[in-house]
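> Pasting in a structure now, in structure tokens, and then I'll have a few things to ask.
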Amino acid sequence: MKQYNVLSVCGSGTVTSSMVAEKLREALEEKGYRITTTEARPTEALQLAQGGTFDFITYTSPLPEGDYGVPVVNAIGFLTGFGDEEFLEEIDGVLAELDKQ
């Protein structure tokens, strides 16, 4: 099972990011991936991402502009359920690129 580290970002850094992280964890386990998540506020995201320990970022609150150095995926549709397929397709593309490395 392949392992990835994900930074999950929401306004408070706790509730919504945890919900997205858990839902993503379950969806990816079904596809043979294991993820470790860290939840954070938008104000923490850039510094955490630049630390180099994350493979990609999901977010439900706007992120400050900057070079995150990893793929960044909007998770609002995944959170609400009105965009699950599109979100997971984008994540599949991110994972396919990561798998090539």
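Scheme for the structure tokens: letters A, B, ... for chains in order shown; per-chain residue numbers from 1; ligand numbers from 1 in order shown.
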Can I get the residues of segment 2-39 of chain A within 12 Å of segment 65-70 of chain A, each with the closest pair of atoms and their distance in Å to one decimal, using only C-alpha atoms, sorted chain first then ascending number, as a tab-separated table?


residue	atom	partner	partner_atom	distance
A:Asn5	CA	A:Val70	CA	11.0
A:Val6	CA	A:Val70	CA	10.0
A:Leu7	CA	A:Val70	CA	10.2

> From the DSSP assignment of the backbone, select every residue of chain A that is strand (DSSP E), and format the answer as a list in words.

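These are the residues in question: Lys2, Gln3, Tyr4, Asn5, Val6, Leu7, Ser8, Val9, Tyr33, Arg34, Ile35, Thr36, Thr37, Thr38, Glu39, Ala40, Phe56, Ile57, Thr58, Tyr59, Val72, Val73 and Asn74 of chain A.
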
> Store the residues picked out above, limited to N, CA and C atoms, as a PDB file, in the first residue's frame.


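File produced: selection_19.pdb:
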ATOM      1  N   LYS A   2       0.673   2.138  -0.940  1.00  0.00           N
ATOM      2  CA  LYS A   2       1.481   3.355  -1.015  1.00  0.00           C
ATOM      3  C   LYS A   2       1.038   4.345   0.040  1.00  0.00           C
ATOM      4  N   GLN A   3       2.009   5.079   0.569  1.00  0.00           N
ATOM      5  CA  GLN A   3       1.780   6.015   1.674  1.00  0.00           C
ATOM      6  C   GLN A   3       2.033   7.443   1.203  1.00  0.00           C
ATOM      7  N   TYR A   4       1.117   8.348   1.535  1.00  0.00           N
ATOM      8  CA  TYR A   4       1.274   9.767   1.213  1.00  0.00           C
ATOM      9  C   TYR A   4       0.924  10.610   2.421  1.00  0.00           C
ATOM     10  N   ASN A   5       1.532  11.797   2.481  1.00  0.00           N
ATOM     11  CA  ASN A   5       1.262  12.767   3.545  1.00  0.00           C
ATOM     12  C   ASN A   5       0.463  13.921   2.953  1.00  0.00           C
ATOM     13  N   VAL A   6      -0.656  14.232   3.599  1.00  0.00           N
ATOM     14  CA  VAL A   6      -1.565  15.247   3.091  1.00  0.00           C
ATOM     15  C   VAL A   6      -1.756  16.338   4.135  1.00  0.00           C
ATOM     16  N   LEU A   7      -1.704  17.580   3.677  1.00  0.00           N
ATOM     17  CA  LEU A   7      -2.035  18.723   4.517  1.00  0.00           C
ATOM     18  C   LEU A   7      -3.467  19.100   4.196  1.00  0.00           C
ATOM     19  N   SER A   8      -4.345  19.030   5.181  1.00  0.00           N
ATOM     20  CA  SER A   8      -5.758  19.344   5.020  1.00  0.00           C
ATOM     21  C   SER A   8      -6.031  20.679   5.719  1.00  0.00           C
ATOM     22  N   VAL A   9      -6.513  21.669   4.953  1.00  0.00           N
ATOM     23  CA  VAL A   9      -6.624  23.033   5.456  1.00  0.00           C
ATOM     24  C   VAL A   9      -8.077  23.496   5.468  1.00  0.00           C
ATOM     25  N   TYR A  33      -4.350   3.062  -1.272  1.00  0.00           N
ATOM     26  CA  TYR A  33      -3.442   4.083  -0.770  1.00  0.00           C
ATOM     27  C   TYR A  33      -3.673   4.290   0.723  1.00  0.00           C
ATOM     28  N   ARG A  34      -2.618   4.639   1.400  1.00  0.00           N
ATOM     29  CA  ARG A  34      -2.723   5.008   2.808  1.00  0.00           C
ATOM     30  C   ARG A  34      -2.228   6.446   2.915  1.00  0.00           C
ATOM     31  N   ILE A  35      -2.988   7.271   3.645  1.00  0.00           N
ATOM     32  CA  ILE A  35      -2.552   8.654   3.828  1.00  0.00           C
ATOM     33  C   ILE A  35      -2.451   8.991   5.308  1.00  0.00           C
ATOM     34  N   THR A  36      -1.522   9.852   5.586  1.00  0.00           N
ATOM     35  CA  THR A  36      -1.392  10.469   6.890  1.00  0.00           C
ATOM     36  C   THR A  36      -1.755  11.923   6.687  1.00  0.00           C
ATOM     37  N   THR A  37      -2.593  12.462   7.565  1.00  0.00           N
ATOM     38  CA  THR A  37      -3.029  13.843   7.380  1.00  0.00           C
ATOM     39  C   THR A  37      -2.613  14.721   8.552  1.00  0.00           C
ATOM     40  N   THR A  38      -2.407  15.972   8.227  1.00  0.00           N
ATOM     41  CA  THR A  38      -2.181  17.008   9.223  1.00  0.00           C
ATOM     42  C   THR A  38      -3.179  18.099   8.926  1.00  0.00           C
ATOM     43  N   GLU A  39      -3.898  18.542   9.934  1.00  0.00           N
ATOM     44  CA  GLU A  39      -4.883  19.598   9.757  1.00  0.00           C
ATOM     45  C   GLU A  39      -4.252  20.935  10.142  1.00  0.00           C
ATOM     46  N   ALA A  40      -4.629  21.983   9.388  1.00  0.00           N
ATOM     47  CA  ALA A  40      -4.031  23.297   9.632  1.00  0.00           C
ATOM     48  C   ALA A  40      -4.968  24.414   9.196  1.00  0.00           C
ATOM     49  N   PHE A  56       0.659  16.506  -1.042  1.00  0.00           N
ATOM     50  CA  PHE A  56      -0.318  17.414  -1.630  1.00  0.00           C
ATOM     51  C   PHE A  56      -1.163  18.043  -0.532  1.00  0.00           C
ATOM     52  N   ILE A  57      -1.939  19.059  -0.936  1.00  0.00           N
ATOM     53  CA  ILE A  57      -2.768  19.821   0.005  1.00  0.00           C
ATOM     54  C   ILE A  57      -4.210  19.791  -0.467  1.00  0.00           C
ATOM     55  N   THR A  58      -5.123  19.603   0.481  1.00  0.00           N
ATOM     56  CA  THR A  58      -6.545  19.812   0.212  1.00  0.00           C
ATOM     57  C   THR A  58      -6.986  20.995   1.071  1.00  0.00           C
ATOM     58  N   TYR A  59      -7.927  21.783   0.552  1.00  0.00           N
ATOM     59  CA  TYR A  59      -8.348  22.956   1.320  1.00  0.00           C
ATOM     60  C   TYR A  59      -9.823  23.266   1.113  1.00  0.00           C
ATOM     61  N   VAL A  72      -2.169  21.450  -5.055  1.00  0.00           N
ATOM     62  CA  VAL A  72      -3.152  22.015  -4.136  1.00  0.00           C
ATOM     63  C   VAL A  72      -4.532  21.782  -4.746  1.00  0.00           C
ATOM     64  N   VAL A  73      -5.427  21.109  -3.988  1.00  0.00           N
ATOM     65  CA  VAL A  73      -6.724  20.703  -4.523  1.00  0.00           C
ATOM     66  C   VAL A  73      -7.850  21.255  -3.660  1.00  0.00           C
ATOM     67  N   ASN A  74      -8.792  21.960  -4.295  1.00  0.00           N
ATOM     68  CA  ASN A  74      -9.958  22.506  -3.607  1.00  0.00           C
ATOM     69  C   ASN A  74     -10.890  21.364  -3.212  1.00  0.00           C
TER      70      ASN A  74
END

> May I have the residues within 10 Å of Phe78 of chain A as a list in words, using only C-alpha atoms and disregarding those fewer than 5 positions away in the same chain?

Met19, Val20, Lys23, Leu24, Thr58, Thr60, Gly83, Asp84, Glu85, Glu86, Phe87 and Leu88 of chain A

> The selected residues should be written to file as a compact mmCIF listing (two decimals), in the first residue's frame (atoms: C-alpha atoms).


# COMPACT_ATOMS: atom_id res chain seq x y z
CA MET A 19 -13.87 15.79 8.04
CA VAL A 20 -12.22 16.07 4.61
CA LYS A 23 -13.44 11.05 4.08
CA LEU A 24 -10.37 11.14 1.82
CA THR A 58 -6.54 19.81 0.21
CA THR A 60 -11.83 24.29 2.07
CA GLY A 83 -18.45 17.36 -6.30
CA ASP A 84 -17.14 14.09 -4.90
CA GLU A 85 -16.41 12.55 -8.29
CA GLU A 86 -14.61 15.61 -9.66
CA PHE A 87 -12.53 15.95 -6.51
CA LEU A 88 -11.55 12.28 -6.50

> Could you name the residues that touch Lys31 of chain A at 10 Å or less, counting only C-alpha atoms, but leaving out those on the same chain fewer than 3 positions away, as JSON, numbers by chain?

{"A": [1, 2, 26, 27, 28, 34, 92]}

> One decimal, Å: what's the distance from atom CA of Glu22 of chain A over to atom CA of Asp99 of chain A, could you say?

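Computed distance, atom CA of Glu22 of chain A to atom CA of Asp99 of chain A, equals 21.8 Å.
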
> Could you work out how far atom CA of Glu29 of chain A lies from atom CA of Pro42 of chain A, giving the answer in Å with one decimal?

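Pair atom CA of Pro42 of chain A / atom CA of Glu29 of chain A returns 26.3 Å.
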
> With distances taken over only C-alpha atoms, which of A:Thr53, A:Leu98, A:Thr43, A:Val15 is nearest to Pro71 of chain A?

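Among the listed residues, A:Leu98 lies closest to Pro71 of chain A.
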
> Write down as a VMD selection string the residues of chain A whose backbone DSSP state falls under alpha helix (DSSP H).

chain A and resid 15 to 29 42 to 50 76 to 80 84 to 100
